[in-house]
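Engineer: Just dropping this structure here.
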Amino acid sequence: MPTTGWKRAQSCEADGERKIGLAWIGANISPGHNRHYAIMSGLKIDVQQFYSRMEKIHATYLKNKGAWGHANCLCLNRGPLNEEDLYAKSLVLHNYIFGVELTDTLKGAPGVEDTDLTVKFLTRNKADSNEENYGSLLKDVEKDMTDGEKIKVGMFQKEWTENTDAGTANVSGWQKVLDDSENTELVDVALGFGLLLAVKEDGELDLIKKSSVLSNKILKHGFVPRLEEVIDKEESITHEALAEEIEEIYGDPKKIKLNVPPDHVQSAFFPIIQSGGDYDLRVSALSNQKKAKFDIITMSLGSRYQNYCSKPLKSVYATAVKKLKAEDREDLIECLPKNLGFAIGAYFREGNLTLSQKNSVTFKPGMTFNLCVGFSGIKLSKADKAAAHDKSAVKQLEEYALVIADTVTITTSTADVLTKHQKSLTDVSYMLNEDEVADDDNDNDNGTSNGDAAYARKVQEEVDNERAGQRSSKRLASTYDQMADLQASAAEREKRQISLMDRRNEERVRELARAKRGKGKNDENRAAEEVEAYKRTKDYPDNVLPNQIKVDMANKCVILPIGGNPVPFHISTIKAAVYQKLDSVSYLRVNFYAAGLALGKEASRNMAKLVAKYAPYATFIREMTFRSLDGHNLNNAYRMIMELRKRFRAKEIQELEEATLVKQDRLIRTKNERVPRLSDLTMRPVFAGRKTQGNLEAHQNGMRFISNRGETVDIIYSNIKHAVFQPCENEIMVLIHFHLKDPIMIGKKKQTNVQVFTEVIDASQAVDAGRRNMYDPEEMDDEQRERQLRKKLNEAFKDFCRKVEKVASKNGFTLEFDIPYRDLGFQGNPHKEMVFIMPTLNCLCNLTETPFFVVDLNGVDHVHFERVTFASKAFDIVLVNKDFTKQPWRVDMIPNTDKDAIQDWLTDMEISYTEGPMNLNWKQIMGTVAEDDRFYMDTEEDEVTKKEAGWSFLRMFGEDDEDDDDSAEGDSDFGADDGAEGESEEEEEEEEFDDESEEESDFDGDEELEEQGLDWEDMEREAIAEDRKKGRRDEGDNQGIAKSTKKRRRR
């Protein structure tokens, strides 16, 4: 403290009154930022906070005197101003008590109102160099001294010597007096002061939260965009220069559009940026002068908001060691730092409260820590770097480091993470296109080192080509190179497919063997349940007549008269009923399920089992016919029988659907926290055929959609198989789609796909009949508003997905939203309509049109391409399900231009494929495959006779033919220009042939197939082309007639 100190007086236990004696020798006041009430030299002090925190210091001392060194009094001096030491404990103490810093001299002597604390101010006396004041203070210190014992004076040992040597007017003289006194003993109270500041008050926690938000803002809007810019532009910048740019943001927060007072914002330490294999995870590390490498970059920054710190990076130490042992990664234990964080707040790093093995301090609610988990010195082997590009900076790394840290506050229930920056791998990693970099480097090398020699060789090659009669066209050469690359890529892809199919066959053999061992009894082996309408005749309805048909709707049976006796038949035994009226006579024929006849699709499973059970020895009634002159009763019975059959069938279907449903966990709603919510959404599928609009909320174990009519749909996190977020780019909607593991009931139907979306523009818009100017201001404003709305909705949905991922992760669930790869998308027809199909990381889907098309790639066994011929302009693909009892998925009418891209994608996803020239009967194929136990094996049952394993029999060409084709290509003697010239001549001949064939033939089967998938724009484009072609043909005929007329005239 700037002056000198305060002394604890004896507690008066008799009347419960307690006083604390305080004494100050004059102080000079420096600016602070806390609340202000009492005026001191133009500054204001929060008087209530002063007294409450002095009481807190006294109470903390009484609870744990050992941490305060059993001091009898405290002398916490603040020496001269030192801008380099921002975290001196005396400075932190002043900001904690006063909100300002009191240095060695006093400009004004304010008056402070006495409460239960006794405050005494001593005026500085220059005449005697404060000797009288020092004596008065020493007398108060020695007042409670007993015989033979020294008075223990608590002080900050680290600052004591520095203050004594500073030679200041007040502090240096007073410390010399204490050093020379024989009745005093100096003890360090740094530990007690650290424990005092470890538990934060509500106001302090609020400042730390604001400091954490500041750190997040600077990291997200300052460092990350700048780092991406450096990587994109391949700038050469040092770690220190990049750190200085981040440091400048604290001086001017408006650079990142942050409206906070600049004097409230300060960096806790100079940012630490490291890369290139040289990593130091200590807080005292510095950014060096080395150039930043684009390999593994670690960045550490800390922020202070009104003197309170936060720091983001990305049973504590023992828990970390236990976790590594449980994951069988004991090799990483030696890579852990000595501690995993420290207490943080007004004092940046409390050395006595580190998260290490030796520290035994108990956690308490209100404590705030910087939790920092990292590994350094992790070795990189050649196998680890094999997948990296040759030009990648990772190739030069021998070892690397990873670190992640957060500011965490301990509460009564759980830990509260204050620095809420994204930490998933996709948010902190970048994929660099090294091929372009390599090409640029090669071009630069050729241009600088041996440019003249390269140019001379190029000229000589052109001269040699001209002498040999070859064409030196760059366009033809580049076309040939592209064709060669495509052929090489196709050959390499085919080789990978052969090895992939062999590996997949082995995996499927093992999978089927495990499934066969774990397969239990299914529903087909269950015994049939006997049908019982009434237990005894007394249960018959009261109004049953001997010769009249009676329908009992309650007991689901029909009572038919046989020989004057009423006999009940359960409705499940009736196959059909037919009513006829001929003249004045009415007939009612009732057909029953019986052995020897086709039961039909409407027969229940239980009835089919009963028929099969009693068929060997029972006698069945096939039909019964009733005749009546009065058709009123028969007609009424017929209508009631048909209605009862309809109700029974509907209930049976519902029971079958619900029987396969898996019981879902009950949704646990989030309480006392802000719930992530998306409003004004439309859900598909709808309730009862009506448009369903409402809100989507994320809770502890799932999400709940609440419609405007009060209907609810719960989606449990554990039941979500795939979650897809599709932003609005070329579509009219932005959507979130959930593909479920087990179906849920929405309305009266089972649903596996649930989607919520918001339309950016209306699906149908009124188009003005008149032509509009492309520079119409109203139209331009509408387009601008639409772009802004698209961007706003995309950001809102994306932010909601991130919040849902955080909520799921916080409650122990794994949920990650996929985004479709639009670049890999293609047009196709999965459900009688041409749609745009896009792959994601885990599935192939179209989510904008209904019915939804979602194929789980983990459930795809093989893909077959149909109608792959040179004459066809489109092809089909069939995705075979691993469950052979289910029919494959189909996508028809895919343009041929997308075939190579789809095959490359399938190869990258390690899914085997084959090609064929025709459509196949997949129902028959799947039946045959399901019955073959050795389908994936390459031998017959004798294990000697060879056969094609798996789906190899679908190949258009065998493996031997492919090898022959490869060898034939390798033996070719044609040069690049010869091949290009020959191809151009063949193309000209093919064009002439195509023109002739178009004139001769008016029918093309492939065009007939394509006509189904054309939209209005394509049909209009083809009509215009046909008109132009017809116009040229008519013009040519007219010119031919004119030429022949001229020739006749000349003759």
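Every chain in the structure tokens takes a letter, A first, then B, and so on in the order presented; its residues are numbered from 1, and the ligands are numbered from 1 following the presented order.
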DSSP says alpha helix (DSSP H) for which residues of range 614-804 of chain A? Put them as an MDAnalysis selection string?

Structural biologist: chainID A and resid 614 631:659 777:804

Engineer: If we count only C-alpha atoms and set the cut-off at 12 Å, which residues sit around Leu667 in chain A, ignoring sequence neighbours fewer than 4 positions away in its own chain? Please answer as a list in words.

Structural biologist: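 The neighbour list is Glu697, Ala698, His699, Gln700, Asn701, Gly702, Met703, Arg704, Phe705, Thr712, Val713, Asp714, Ile715, Ile716, Tyr717, Ser718 and Asn719 of chain A.
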
Engineer: Name all residues at most 7 Å from range 234-245 of chain A (count only C-alpha atoms; drop same-chain ones fewer than 6 positions away) and give them as an MDAnalysis selection string.

Structural biologist: chainID A and resid 271:274 287:292

Engineer: Those same residues, written as a PDB file, in the first residue's frame with all heavy atoms?

Structural biologist:
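Output (part33.pdb):
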```pdb
ATOM      1  N   PRO A 271       0.722 -10.869 -26.865  1.00  0.00           N
ATOM      2  CA  PRO A 271       0.289 -12.132 -27.487  1.00  0.00           C
ATOM      3  C   PRO A 271       1.463 -13.043 -27.842  1.00  0.00           C
ATOM      4  O   PRO A 271       2.518 -12.580 -28.281  1.00  0.00           O
ATOM      5  CB  PRO A 271      -0.457 -11.659 -28.738  1.00  0.00           C
ATOM      6  CG  PRO A 271      -0.936 -10.285 -28.408  1.00  0.00           C
ATOM      7  CD  PRO A 271       0.142  -9.697 -27.539  1.00  0.00           C
ATOM      8  N   ILE A 272       1.233 -14.346 -27.671  1.00  0.00           N
ATOM      9  CA  ILE A 272       2.272 -15.351 -27.934  1.00  0.00           C
ATOM     10  C   ILE A 272       1.844 -16.167 -29.151  1.00  0.00           C
ATOM     11  O   ILE A 272       0.837 -16.867 -29.108  1.00  0.00           O
ATOM     12  CB  ILE A 272       2.477 -16.274 -26.716  1.00  0.00           C
ATOM     13  CG1 ILE A 272       2.759 -15.444 -25.455  1.00  0.00           C
ATOM     14  CG2 ILE A 272       3.602 -17.258 -26.976  1.00  0.00           C
ATOM     15  CD1 ILE A 272       2.744 -16.263 -24.180  1.00  0.00           C
ATOM     16  N   ILE A 273       2.589 -16.071 -30.241  1.00  0.00           N
ATOM     17  CA  ILE A 273       2.313 -16.811 -31.478  1.00  0.00           C
ATOM     18  C   ILE A 273       3.546 -17.652 -31.803  1.00  0.00           C
ATOM     19  O   ILE A 273       4.667 -17.140 -31.856  1.00  0.00           O
ATOM     20  CB  ILE A 273       1.983 -15.843 -32.630  1.00  0.00           C
ATOM     21  CG1 ILE A 273       0.756 -14.989 -32.271  1.00  0.00           C
ATOM     22  CG2 ILE A 273       1.727 -16.616 -33.910  1.00  0.00           C
ATOM     23  CD1 ILE A 273       0.414 -13.950 -33.301  1.00  0.00           C
ATOM     24  N   GLN A 274       3.319 -18.959 -32.040  1.00  0.00           N
ATOM     25  CA  GLN A 274       4.425 -19.885 -32.295  1.00  0.00           C
ATOM     26  C   GLN A 274       4.043 -20.841 -33.418  1.00  0.00           C
ATOM     27  O   GLN A 274       2.876 -21.192 -33.571  1.00  0.00           O
ATOM     28  CB  GLN A 274       4.764 -20.673 -31.023  1.00  0.00           C
ATOM     29  CG  GLN A 274       5.092 -19.814 -29.819  1.00  0.00           C
ATOM     30  CD  GLN A 274       5.252 -20.630 -28.559  1.00  0.00           C
ATOM     31  OE1 GLN A 274       6.099 -21.512 -28.483  1.00  0.00           O
ATOM     32  NE2 GLN A 274       4.440 -20.327 -27.555  1.00  0.00           N
ATOM     33  N   SER A 287       6.815 -14.190 -28.312  1.00  0.00           N
ATOM     34  CA  SER A 287       6.782 -14.361 -29.765  1.00  0.00           C
ATOM     35  C   SER A 287       8.139 -13.968 -30.324  1.00  0.00           C
ATOM     36  O   SER A 287       8.636 -12.868 -30.062  1.00  0.00           O
ATOM     37  CB  SER A 287       5.678 -13.489 -30.375  1.00  0.00           C
ATOM     38  OG  SER A 287       4.421 -13.843 -29.873  1.00  0.00           O
ATOM     39  N   ASN A 288       8.749 -14.883 -31.105  1.00  0.00           N
ATOM     40  CA  ASN A 288      10.097 -14.635 -31.603  1.00  0.00           C
ATOM     41  C   ASN A 288      10.069 -13.969 -32.974  1.00  0.00           C
ATOM     42  O   ASN A 288       9.025 -13.654 -33.524  1.00  0.00           O
ATOM     43  CB  ASN A 288      10.898 -15.949 -31.649  1.00  0.00           C
ATOM     44  CG  ASN A 288      10.187 -17.020 -32.445  1.00  0.00           C
ATOM     45  OD1 ASN A 288       9.511 -16.733 -33.420  1.00  0.00           O
ATOM     46  ND2 ASN A 288      10.327 -18.270 -32.010  1.00  0.00           N
ATOM     47  N   GLN A 289      11.275 -13.774 -33.538  1.00  0.00           N
ATOM     48  CA  GLN A 289      11.431 -13.086 -34.821  1.00  0.00           C
ATOM     49  C   GLN A 289      11.393 -14.035 -36.012  1.00  0.00           C
ATOM     50  O   GLN A 289      11.607 -13.598 -37.139  1.00  0.00           O
ATOM     51  CB  GLN A 289      12.773 -12.329 -34.827  1.00  0.00           C
ATOM     52  CG  GLN A 289      12.843 -11.162 -33.862  1.00  0.00           C
ATOM     53  CD  GLN A 289      12.037  -9.976 -34.356  1.00  0.00           C
ATOM     54  OE1 GLN A 289      11.640  -9.919 -35.510  1.00  0.00           O
ATOM     55  NE2 GLN A 289      11.780  -9.013 -33.475  1.00  0.00           N
ATOM     56  N   LYS A 290      11.091 -15.307 -35.786  1.00  0.00           N
ATOM     57  CA  LYS A 290      11.053 -16.259 -36.890  1.00  0.00           C
ATOM     58  C   LYS A 290       9.792 -16.062 -37.725  1.00  0.00           C
ATOM     59  O   LYS A 290       8.781 -15.578 -37.241  1.00  0.00           O
ATOM     60  CB  LYS A 290      11.103 -17.695 -36.352  1.00  0.00           C
ATOM     61  CG  LYS A 290      12.414 -18.043 -35.670  1.00  0.00           C
ATOM     62  CD  LYS A 290      12.412 -19.488 -35.207  1.00  0.00           C
ATOM     63  CE  LYS A 290      13.728 -19.851 -34.539  1.00  0.00           C
ATOM     64  NZ  LYS A 290      13.747 -21.267 -34.084  1.00  0.00           N
ATOM     65  N   LYS A 291       9.898 -16.461 -39.004  1.00  0.00           N
ATOM     66  CA  LYS A 291       8.759 -16.359 -39.905  1.00  0.00           C
ATOM     67  C   LYS A 291       7.684 -17.375 -39.524  1.00  0.00           C
ATOM     68  O   LYS A 291       7.997 -18.496 -39.107  1.00  0.00           O
ATOM     69  CB  LYS A 291       9.196 -16.585 -41.355  1.00  0.00           C
ATOM     70  CG  LYS A 291      10.251 -15.604 -41.858  1.00  0.00           C
ATOM     71  CD  LYS A 291       9.668 -14.214 -42.044  1.00  0.00           C
ATOM     72  CE  LYS A 291      10.701 -13.277 -42.657  1.00  0.00           C
ATOM     73  NZ  LYS A 291      10.177 -11.906 -42.819  1.00  0.00           N
ATOM     74  N   ALA A 292       6.439 -16.990 -39.676  1.00  0.00           N
ATOM     75  CA  ALA A 292       5.331 -17.898 -39.391  1.00  0.00           C
ATOM     76  C   ALA A 292       5.267 -18.987 -40.449  1.00  0.00           C
ATOM     77  O   ALA A 292       5.358 -18.716 -41.649  1.00  0.00           O
ATOM     78  CB  ALA A 292       4.017 -17.121 -39.345  1.00  0.00           C
TER      79      ALA A 292
END
```

Engineer: Env of Leu500 in chain A: 9 Å cut, atoms = only C-alpha atoms, seq-sep filter 6 positions within chain, self excluded. Answer as a PyMOL selection string.

Structural biologist: chain A and resi 907+910-912

Engineer: How would the residues just picked look written out with N, CA, C and O atoms as a PDB file, in the first residue's frame?

Structural biologist:
```pdb
ATOM      1  N   THR A 907     -14.966 -43.473 -55.030  1.00  0.00           N
ATOM      2  CA  THR A 907     -13.656 -44.063 -54.739  1.00  0.00           C
ATOM      3  C   THR A 907     -13.054 -43.434 -53.494  1.00  0.00           C
ATOM      4  O   THR A 907     -12.473 -44.130 -52.651  1.00  0.00           O
ATOM      5  N   GLU A 910     -14.499 -44.819 -50.508  1.00  0.00           N
ATOM      6  CA  GLU A 910     -14.230 -46.262 -50.413  1.00  0.00           C
ATOM      7  C   GLU A 910     -15.510 -47.073 -50.565  1.00  0.00           C
ATOM      8  O   GLU A 910     -15.808 -47.974 -49.781  1.00  0.00           O
ATOM      9  N   ILE A 911     -16.281 -46.728 -51.602  1.00  0.00           N
ATOM     10  CA  ILE A 911     -17.476 -47.482 -51.984  1.00  0.00           C
ATOM     11  C   ILE A 911     -17.233 -48.054 -53.370  1.00  0.00           C
ATOM     12  O   ILE A 911     -16.910 -47.319 -54.303  1.00  0.00           O
ATOM     13  N   SER A 912     -17.377 -49.352 -53.519  1.00  0.00           N
ATOM     14  CA  SER A 912     -17.109 -49.999 -54.794  1.00  0.00           C
ATOM     15  C   SER A 912     -18.243 -49.721 -55.778  1.00  0.00           C
ATOM     16  O   SER A 912     -19.390 -49.520 -55.385  1.00  0.00           O
TER      17      SER A 912
END
```

Engineer: Considering only strand (DSSP E or B) as DSSP defines it on the backbone, what residues of range 180-325 of chain A qualify? List them as a list in words.

Structural biologist: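 Strand (DSSP E or B) assignments inside range 180-325 of chain A correspond to Thr184, Glu185, Leu186, Val187, Asp188, Val199, Thr238, Val265, Gln266, Ser267, Ala268, Phe269, Phe270, Pro271, Ile272, Ile273, Gln274, Lys291, Thr298, Met299, Ser300, Leu301, Gly302, Ser303, Arg304, Tyr305, Tyr308, Cys309 and Ser310 of chain A.
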
Engineer: I need the residues from that last selection saved to file as a short mmCIF file (atom, residue, chain, number, x, y, z; two decimals), in the first residue's frame (with N, CA and C atoms), if you can.

Structural biologist:
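Output file selection-v2.cif follows:
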```
data_model
loop_
_atom_site.label_atom_id
_atom_site.label_comp_id
_atom_site.auth_asym_id
_atom_site.auth_seq_id
_atom_site.Cartn_x
_atom_site.Cartn_y
_atom_site.Cartn_z
N THR A 184 10.56 -6.81 15.80
CA THR A 184 9.66 -7.22 14.71
C THR A 184 10.29 -8.34 13.89
N GLU A 185 9.42 -9.17 13.35
CA GLU A 185 9.82 -10.26 12.44
C GLU A 185 8.95 -10.18 11.19
N LEU A 186 9.58 -10.12 10.02
CA LEU A 186 8.85 -9.99 8.76
C LEU A 186 8.45 -11.36 8.23
N VAL A 187 7.18 -11.50 7.84
CA VAL A 187 6.68 -12.76 7.27
C VAL A 187 5.94 -12.44 5.96
N ASP A 188 6.02 -13.37 5.00
CA ASP A 188 5.39 -13.19 3.69
C ASP A 188 3.92 -13.62 3.77
N VAL A 199 -11.54 -16.29 -4.49
CA VAL A 199 -13.00 -16.35 -4.47
C VAL A 199 -13.54 -14.98 -4.88
N THR A 238 6.65 -12.26 -39.41
CA THR A 238 7.23 -12.88 -38.22
C THR A 238 6.16 -13.04 -37.15
N VAL A 265 -9.92 -1.16 -21.64
CA VAL A 265 -9.43 -2.35 -22.31
C VAL A 265 -7.91 -2.35 -22.29
N GLN A 266 -7.34 -3.51 -22.01
CA GLN A 266 -5.89 -3.64 -21.97
C GLN A 266 -5.54 -5.11 -22.16
N SER A 267 -4.38 -5.38 -22.75
CA SER A 267 -3.95 -6.77 -22.90
C SER A 267 -3.31 -7.25 -21.61
N ALA A 268 -3.60 -8.49 -21.25
CA ALA A 268 -3.02 -9.05 -20.03
C ALA A 268 -1.54 -9.34 -20.20
N PHE A 269 -1.13 -9.67 -21.41
CA PHE A 269 0.28 -9.90 -21.73
C PHE A 269 0.42 -9.79 -23.23
N PHE A 270 1.64 -9.66 -23.69
CA PHE A 270 1.88 -9.55 -25.13
C PHE A 270 1.53 -10.89 -25.79
N PRO A 271 0.72 -10.87 -26.87
CA PRO A 271 0.29 -12.13 -27.49
C PRO A 271 1.46 -13.04 -27.84
N ILE A 272 1.23 -14.35 -27.67
CA ILE A 272 2.27 -15.35 -27.93
C ILE A 272 1.84 -16.17 -29.15
N ILE A 273 2.59 -16.07 -30.24
CA ILE A 273 2.31 -16.81 -31.48
C ILE A 273 3.55 -17.65 -31.80
N GLN A 274 3.32 -18.96 -32.04
CA GLN A 274 4.42 -19.89 -32.30
C GLN A 274 4.04 -20.84 -33.42
N LYS A 291 9.90 -16.46 -39.00
CA LYS A 291 8.76 -16.36 -39.90
C LYS A 291 7.68 -17.37 -39.52
N THR A 298 0.17 -22.08 -32.79
CA THR A 298 -0.45 -21.88 -31.49
C THR A 298 -0.49 -20.39 -31.20
N MET A 299 -1.57 -19.94 -30.60
CA MET A 299 -1.75 -18.53 -30.31
C MET A 299 -2.34 -18.38 -28.93
N SER A 300 -1.75 -17.50 -28.11
CA SER A 300 -2.24 -17.26 -26.76
C SER A 300 -2.35 -15.76 -26.56
N LEU A 301 -3.52 -15.31 -26.12
CA LEU A 301 -3.72 -13.90 -25.79
C LEU A 301 -4.54 -13.80 -24.53
N GLY A 302 -4.40 -12.70 -23.84
CA GLY A 302 -5.15 -12.45 -22.62
C GLY A 302 -5.63 -11.02 -22.60
N SER A 303 -6.81 -10.80 -22.04
CA SER A 303 -7.41 -9.47 -22.02
C SER A 303 -7.69 -9.05 -20.59
N ARG A 304 -7.63 -7.71 -20.38
CA ARG A 304 -8.00 -7.12 -19.09
C ARG A 304 -9.13 -6.13 -19.34
N TYR A 305 -10.18 -6.27 -18.57
CA TYR A 305 -11.29 -5.31 -18.64
C TYR A 305 -11.48 -4.75 -17.25
N TYR A 308 -9.44 -6.66 -14.71
CA TYR A 308 -9.70 -8.08 -14.50
C TYR A 308 -9.39 -8.84 -15.78
N CYS A 309 -8.74 -10.00 -15.63
CA CYS A 309 -8.13 -10.70 -16.77
C CYS A 309 -8.96 -11.92 -17.18
N SER A 310 -8.74 -12.30 -18.43
CA SER A 310 -9.21 -13.58 -18.97
C SER A 310 -8.22 -14.02 -20.02
#
```

Engineer: Which residues come within 12 Å of range 592-608 of chain A, counting only C-alpha atoms, excluding same-chain residues fewer than 5 positions away, as a PyMOL selection string?

Structural biologist: chain A and resi 523-531+558+569-578+613-625+645-646+648-653+655-656

Engineer: Quick one: everything within 7 Å of range 52-63 of chain A, counting only C-alpha atoms, minus sequence neighbours fewer than 5 positions away in the same chain. Send it as a PyMOL selection string.

Structural biologist: chain A and resi 68+97+196

Engineer: For Cys845 in chain A, which residue out of A:Arg677, A:Lys803, A:Lys750, A:His739 is the nearest one, using only C-alpha atoms?

Structural biologist: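 When distances to Cys845 in chain A are compared using only C-alpha atoms, the smallest one comes from A:His739.
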
Engineer: Provide the CA of Gly154 in chain A to CA of Ala67 in chain A distance in Å, to one decimal place.

Structural biologist: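 Computing the Euclidean distance for CA of Gly154 in chain A and CA of Ala67 in chain A yields 10.7 Å.
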
Engineer: If I take CA of Lys947 in chain A and CA of Phe884 in chain A, how far is one from the other in Å, to one decimal?

Structural biologist: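 Separation between CA of Lys947 in chain A and CA of Phe884 in chain A: 20.4 Å.
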
Engineer: Considering only C-alpha atoms, can you say which of A:Val756, A:Thr419, A:Ala901, A:Ile761 comes closest to Asp823 in chain A?

Structural biologist: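 For Asp823 in chain A, the nearest of the candidates is A:Ala901.
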